[in-house]
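Undergrad: Please see the structure below; I have some questions.
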Amino acid sequence: MRRADRLFDILRILRAAPRPVTAAAIADELEVTVRTVYRDVATLQARRISIEGAAGIGYVLRRGFDLPPLMFTEDEAEAIAIGARMVARTGDPSLQKAAESVLSKVTLVVPDPLRDYLNAAPVYVSKSGAPVPARRDLPATIRHAIRDGRKMRIAYEDEHARQTMRVIQPFAVAYYVEATLICAWCELRNDIRHFRTDRVTCAEVLDEAFTIPKAVIADWLAEREDE
């Protein structure tokens, strides 16, 4: 997590808390050390943000401090709420956690009436969707490999329970209601293939980089336009 994001999250936690929050509780939520929280709180206090308290006691954000409000229409607020909740249907736990964080951050900086509307938007999104892979961190691992342009080695099981080892060059993740797909150049088949994340039994990111020709990606995207 970037330090700027962490500082924002500390403010979010303190602003939403009805009572003092200990550094240990903040550290647990942000998955950092208590010492890191102490340093970050000291940084915020040095920037004249009204955080009161001390190590071992807990911190509070003095009343009256606020962040500049973001203005959304009610339709825009509903779009945010629906979008964040639909991410849960992708079967990607790390994206779901990120969506919840986004919704929390947006809720933090909107005016009070809109905040209440975001928290209780009259919308419902069913929880059924793509299955979560056995290795819950797999979707995040795939996305990191795509960003870094690294090949992956995967063990893949087809619908007949036959398993093969593949070296792939992943370039996209496709989220459908019934499945999440890795879109990649398969070196075994020498062609683009789609792999369901729930059928990947083992995966590792390799050190070897790759570059897929832009024309190949363009053809793949053109085929997706009709879906």
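Letters A, B, ... mark the chains of the structure tokens in the order given; residue numbers begin at 1 per chain; ligand numbers begin at 1, in order shown.
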Using 8 Å as the limit and counting only C-alpha atoms, can you tabulate each residue of region 41-151 of chain A that touches region 207-217 of chain A, with its shortest atom-to-atom distance in Å and the two atoms involved, as CSV?
TA:
residue,atom,partner,partner_atom,distance
A:Asp148,CA,A:Ala209,CA,7.9
A:Gly149,CA,A:Ala209,CA,5.5
A:Arg150,CA,A:Ala209,CA,4.5
A:Lys151,CA,A:Glu208,CA,5.9
Undergrad: Go ahead and save the picked residues with N, CA and C atoms, as a PDB file, in the first residue's frame.
TA:
ATOM      1  N   ASP A 148       3.216  -6.498 -14.992  1.00  0.00           N
ATOM      2  CA  ASP A 148       4.675  -6.592 -15.099  1.00  0.00           C
ATOM      3  C   ASP A 148       5.133  -7.218 -16.405  1.00  0.00           C
ATOM      4  N   GLY A 149       4.181  -7.722 -17.210  1.00  0.00           N
ATOM      5  CA  GLY A 149       4.552  -8.360 -18.472  1.00  0.00           C
ATOM      6  C   GLY A 149       5.362  -9.626 -18.272  1.00  0.00           C
ATOM      7  N   ARG A 150       4.946 -10.472 -17.292  1.00  0.00           N
ATOM      8  CA  ARG A 150       5.681 -11.693 -16.971  1.00  0.00           C
ATOM      9  C   ARG A 150       4.868 -12.930 -17.371  1.00  0.00           C
ATOM     10  N   LYS A 151       5.580 -13.941 -17.836  1.00  0.00           N
ATOM     11  CA  LYS A 151       4.921 -15.203 -18.156  1.00  0.00           C
ATOM     12  C   LYS A 151       4.512 -15.921 -16.875  1.00  0.00           C
TER      13      LYS A 151
END
Undergrad: For Ala174 (chain A), work out the shell of residues within 9 Å, counting only C-alpha atoms and skipping chain neighbours fewer than 6 positions away, then give it as a ChimeraX atom specification.
TA: /A:180-183,194
Undergrad: May I have the selected residues written with N, CA, C and O atoms, as a compact mmCIF listing (two decimals), in the first residue's frame?
TA:
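Dumped everything to result_7.txt:
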# COMPACT_ATOMS: atom_id res chain seq x y z
N THR A 180 -14.50 -16.58 -14.20
CA THR A 180 -13.45 -15.59 -14.44
C THR A 180 -12.39 -16.25 -15.31
O THR A 180 -11.93 -17.36 -14.99
N LEU A 181 -12.03 -15.59 -16.40
CA LEU A 181 -11.12 -16.19 -17.37
C LEU A 181 -9.78 -15.46 -17.44
O LEU A 181 -9.74 -14.22 -17.39
N ILE A 182 -8.72 -16.24 -17.55
CA ILE A 182 -7.40 -15.68 -17.88
C ILE A 182 -7.30 -15.69 -19.40
O ILE A 182 -7.43 -16.75 -20.02
N CYS A 183 -7.08 -14.54 -19.98
CA CYS A 183 -6.91 -14.45 -21.43
C CYS A 183 -5.41 -14.37 -21.70
O CYS A 183 -4.74 -13.46 -21.21
N HIS A 194 -8.33 -19.21 -23.36
CA HIS A 194 -8.98 -18.69 -22.16
C HIS A 194 -9.01 -19.79 -21.11
O HIS A 194 -9.46 -20.91 -21.39
Undergrad: Which distance in Å separates CA of Tyr38 (chain A) and CA of Thr107 (chain A), to one decimal?
TA: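 Value for the CA of Tyr38 (chain A)-CA of Thr107 (chain A) distance: 25.2 Å.
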Undergrad: Could you list, as a PDB file with N, CA, C and O atoms, in the first residue's frame, every residue within 12 Å of Ile82 (chain A), counting only C-alpha atoms and ignoring same-chain residues fewer than 5 positions away?
TA:
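Printed below is result12.pdb as written:
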ATOM      1  N   ASP A  75     -28.297   9.408  -8.925  1.00  0.00           N
ATOM      2  CA  ASP A  75     -28.031   8.347  -9.907  1.00  0.00           C
ATOM      3  C   ASP A  75     -26.568   7.929  -9.858  1.00  0.00           C
ATOM      4  O   ASP A  75     -26.246   6.735  -9.935  1.00  0.00           O
ATOM      5  N   GLU A  76     -25.664   8.908  -9.750  1.00  0.00           N
ATOM      6  CA  GLU A  76     -24.238   8.591  -9.678  1.00  0.00           C
ATOM      7  C   GLU A  76     -23.921   7.817  -8.399  1.00  0.00           C
ATOM      8  O   GLU A  76     -23.112   6.879  -8.408  1.00  0.00           O
ATOM      9  N   ALA A  77     -24.559   8.205  -7.295  1.00  0.00           N
ATOM     10  CA  ALA A  77     -24.348   7.505  -6.030  1.00  0.00           C
ATOM     11  C   ALA A  77     -24.804   6.057  -6.132  1.00  0.00           C
ATOM     12  O   ALA A  77     -24.138   5.134  -5.647  1.00  0.00           O
ATOM     13  N   VAL A  87     -18.820  -6.172  -7.818  1.00  0.00           N
ATOM     14  CA  VAL A  87     -17.474  -6.736  -7.844  1.00  0.00           C
ATOM     15  C   VAL A  87     -17.417  -8.041  -7.059  1.00  0.00           C
ATOM     16  O   VAL A  87     -16.632  -8.945  -7.367  1.00  0.00           O
ATOM     17  N   ALA A  88     -18.273  -8.164  -6.046  1.00  0.00           N
ATOM     18  CA  ALA A  88     -18.303  -9.402  -5.251  1.00  0.00           C
ATOM     19  C   ALA A  88     -18.648 -10.608  -6.107  1.00  0.00           C
ATOM     20  O   ALA A  88     -18.334 -11.748  -5.748  1.00  0.00           O
ATOM     21  N   ARG A  89     -19.282 -10.395  -7.260  1.00  0.00           N
ATOM     22  CA  ARG A  89     -19.705 -11.503  -8.109  1.00  0.00           C
ATOM     23  C   ARG A  89     -18.594 -11.992  -9.033  1.00  0.00           C
ATOM     24  O   ARG A  89     -18.766 -12.964  -9.756  1.00  0.00           O
ATOM     25  N   ALA A  99     -12.871  -2.849  -3.786  1.00  0.00           N
ATOM     26  CA  ALA A  99     -14.138  -2.158  -4.039  1.00  0.00           C
ATOM     27  C   ALA A  99     -14.739  -1.640  -2.742  1.00  0.00           C
ATOM     28  O   ALA A  99     -15.284  -0.532  -2.689  1.00  0.00           O
ATOM     29  N   GLU A 100     -14.658  -2.449  -1.695  1.00  0.00           N
ATOM     30  CA  GLU A 100     -15.163  -2.012  -0.393  1.00  0.00           C
ATOM     31  C   GLU A 100     -14.379  -0.799   0.106  1.00  0.00           C
ATOM     32  O   GLU A 100     -14.944   0.121   0.703  1.00  0.00           O
ATOM     33  N   LEU A 103     -15.544   2.285  -1.875  1.00  0.00           N
ATOM     34  CA  LEU A 103     -16.845   2.754  -1.393  1.00  0.00           C
ATOM     35  C   LEU A 103     -16.685   3.466  -0.054  1.00  0.00           C
ATOM     36  O   LEU A 103     -17.316   4.496   0.200  1.00  0.00           O
ATOM     37  N   LEU A 118     -25.703   6.662   0.218  1.00  0.00           N
ATOM     38  CA  LEU A 118     -24.771   5.638  -0.233  1.00  0.00           C
ATOM     39  C   LEU A 118     -24.836   4.404   0.666  1.00  0.00           C
ATOM     40  O   LEU A 118     -24.796   3.266   0.201  1.00  0.00           O
ATOM     41  N   ASN A 119     -24.924   4.638   1.967  1.00  0.00           N
ATOM     42  CA  ASN A 119     -24.938   3.534   2.920  1.00  0.00           C
ATOM     43  C   ASN A 119     -26.217   2.718   2.851  1.00  0.00           C
ATOM     44  O   ASN A 119     -26.231   1.536   3.203  1.00  0.00           O
ATOM     45  N   ALA A 120     -27.305   3.345   2.411  1.00  0.00           N
ATOM     46  CA  ALA A 120     -28.598   2.653   2.383  1.00  0.00           C
ATOM     47  C   ALA A 120     -29.266   2.783   1.016  1.00  0.00           C
ATOM     48  O   ALA A 120     -30.469   2.930   0.917  1.00  0.00           O
ATOM     49  N   ALA A 121     -28.449   2.732  -0.040  1.00  0.00           N
ATOM     50  CA  ALA A 121     -29.001   2.859  -1.389  1.00  0.00           C
ATOM     51  C   ALA A 121     -30.025   1.754  -1.643  1.00  0.00           C
ATOM     52  O   ALA A 121     -29.796   0.594  -1.297  1.00  0.00           O
ATOM     53  N   PRO A 122     -31.194   2.097  -2.226  1.00  0.00           N
ATOM     54  CA  PRO A 122     -32.263   1.105  -2.434  1.00  0.00           C
ATOM     55  C   PRO A 122     -31.971   0.200  -3.626  1.00  0.00           C
ATOM     56  O   PRO A 122     -32.727   0.156  -4.593  1.00  0.00           O
ATOM     57  N   VAL A 123     -30.867  -0.515  -3.556  1.00  0.00           N
ATOM     58  CA  VAL A 123     -30.483  -1.419  -4.640  1.00  0.00           C
ATOM     59  C   VAL A 123     -30.092  -2.755  -4.021  1.00  0.00           C
ATOM     60  O   VAL A 123     -29.712  -2.833  -2.853  1.00  0.00           O
ATOM     61  N   TYR A 124     -30.199  -3.803  -4.816  1.00  0.00           N
ATOM     62  CA  TYR A 124     -29.806  -5.134  -4.367  1.00  0.00           C
ATOM     63  C   TYR A 124     -29.037  -5.824  -5.485  1.00  0.00           C
ATOM     64  O   TYR A 124     -29.445  -5.774  -6.647  1.00  0.00           O
ATOM     65  N   VAL A 125     -27.915  -6.415  -5.135  1.00  0.00           N
ATOM     66  CA  VAL A 125     -27.118  -7.186  -6.083  1.00  0.00           C
ATOM     67  C   VAL A 125     -26.971  -8.595  -5.520  1.00  0.00           C
ATOM     68  O   VAL A 125     -26.491  -8.767  -4.394  1.00  0.00           O
ATOM     69  N   SER A 126     -27.392  -9.592  -6.291  1.00  0.00           N
ATOM     70  CA  SER A 126     -27.302 -10.965  -5.796  1.00  0.00           C
ATOM     71  C   SER A 126     -25.845 -11.362  -5.586  1.00  0.00           C
ATOM     72  O   SER A 126     -24.948 -10.862  -6.262  1.00  0.00           O
TER      73      SER A 126
END
Undergrad: Could you name the residues that touch region 135-138 of chain A at 9 Å or less, counting only C-alpha atoms, but leaving out those on the same chain fewer than 5 positions away, as a short mmCIF file (atom, residue, chain, number, x, y, z; two decimals) with C-alpha atoms, in the first residue's frame?
TA:
data_model
loop_
_atom_site.label_atom_id
_atom_site.label_comp_id
_atom_site.auth_asym_id
_atom_site.auth_seq_id
_atom_site.Cartn_x
_atom_site.Cartn_y
_atom_site.Cartn_z
CA GLY A 91 -14.94 -14.35 -7.60
CA ASP A 92 -11.89 -12.12 -7.06
CA PRO A 93 -11.41 -11.57 -3.31
CA SER A 94 -8.72 -8.90 -3.68
CA ARG A 143 -3.26 -9.10 -12.66
CA THR A 197 -9.43 -19.48 -12.78
CA ASP A 198 -11.35 -22.14 -10.83
CA VAL A 200 -6.13 -23.60 -12.32
CA THR A 201 -4.71 -25.94 -9.68
CA CYS A 202 -1.23 -24.42 -9.46
CA ALA A 203 0.34 -21.21 -10.73
#
Undergrad: What does the distance from CA of Glu159 (chain A) to CA of Arg196 (chain A) come to in Å, to one decimal?
TA: 10.2 Å
Undergrad: Excluding same-chain residues fewer than 5 positions from region 24-32 of chain A, what lies within 8 Å of it counting only C-alpha atoms, as a ChimeraX atom specification?
TA: /A:6,9-10,13,37
Undergrad: Give me the residues within 9 Å of Ala54 (chain A) as a ChimeraX atom specification, counting only C-alpha atoms and dropping any in the same chain fewer than 2 places off.
TA: /A:22-23,38,52,56-59
Undergrad: Could the residues in this selection be written to a file with N, CA and C atoms, as a compact mmCIF listing (two decimals), in the first residue's frame?
TA:
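Contents of the output file part.txt:
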# COMPACT_ATOMS: atom_id res chain seq x y z
N THR A 22 -7.14 2.46 18.78
CA THR A 22 -5.74 2.20 19.10
C THR A 22 -4.92 2.00 17.83
N ALA A 23 -3.62 2.23 17.97
CA ALA A 23 -2.72 2.00 16.84
C ALA A 23 -2.75 0.54 16.42
N TYR A 38 2.26 4.55 14.18
CA TYR A 38 2.78 5.64 15.00
C TYR A 38 3.43 6.71 14.12
N GLU A 52 -5.93 13.69 18.04
CA GLU A 52 -5.57 13.73 19.46
C GLU A 52 -5.43 12.32 20.00
N GLY A 56 -0.79 3.70 22.90
CA GLY A 56 -1.27 2.91 24.02
C GLY A 56 -2.63 3.34 24.53
N ILE A 57 -3.09 4.51 24.13
CA ILE A 57 -4.39 5.02 24.59
C ILE A 57 -5.42 4.98 23.46
N GLY A 58 -5.00 5.46 22.31
CA GLY A 58 -5.90 5.51 21.17
C GLY A 58 -5.93 6.91 20.58
N TYR A 59 -6.45 7.00 19.38
CA TYR A 59 -6.48 8.28 18.67
C TYR A 59 -7.91 8.65 18.29
Undergrad: Choose the residue, out of A:Glu178, A:Arg199, A:Ala134, A:Thr43, that has the smallest atom-to-atom separation from Arg162 (chain A); count only C-alpha atoms.
TA: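 Once distances to Arg162 (chain A) are computed over only C-alpha atoms, the minimum belongs to A:Arg199.
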Undergrad: Run DSSP on the backbone and give me the residues of chain A it puts in helix (DSSP H, G or I), as a ChimeraX atom specification.
TA: /A:3-16,23-30,34-46,74-90,93-109,112-119,138-148,197-199,214-224
Undergrad: Point out the residue among A:Ala4, A:Met86, A:Val34, A:Val205 with the least atom-to-atom distance to Arg147 (chain A), counting only C-alpha atoms.
TA: A:Val205
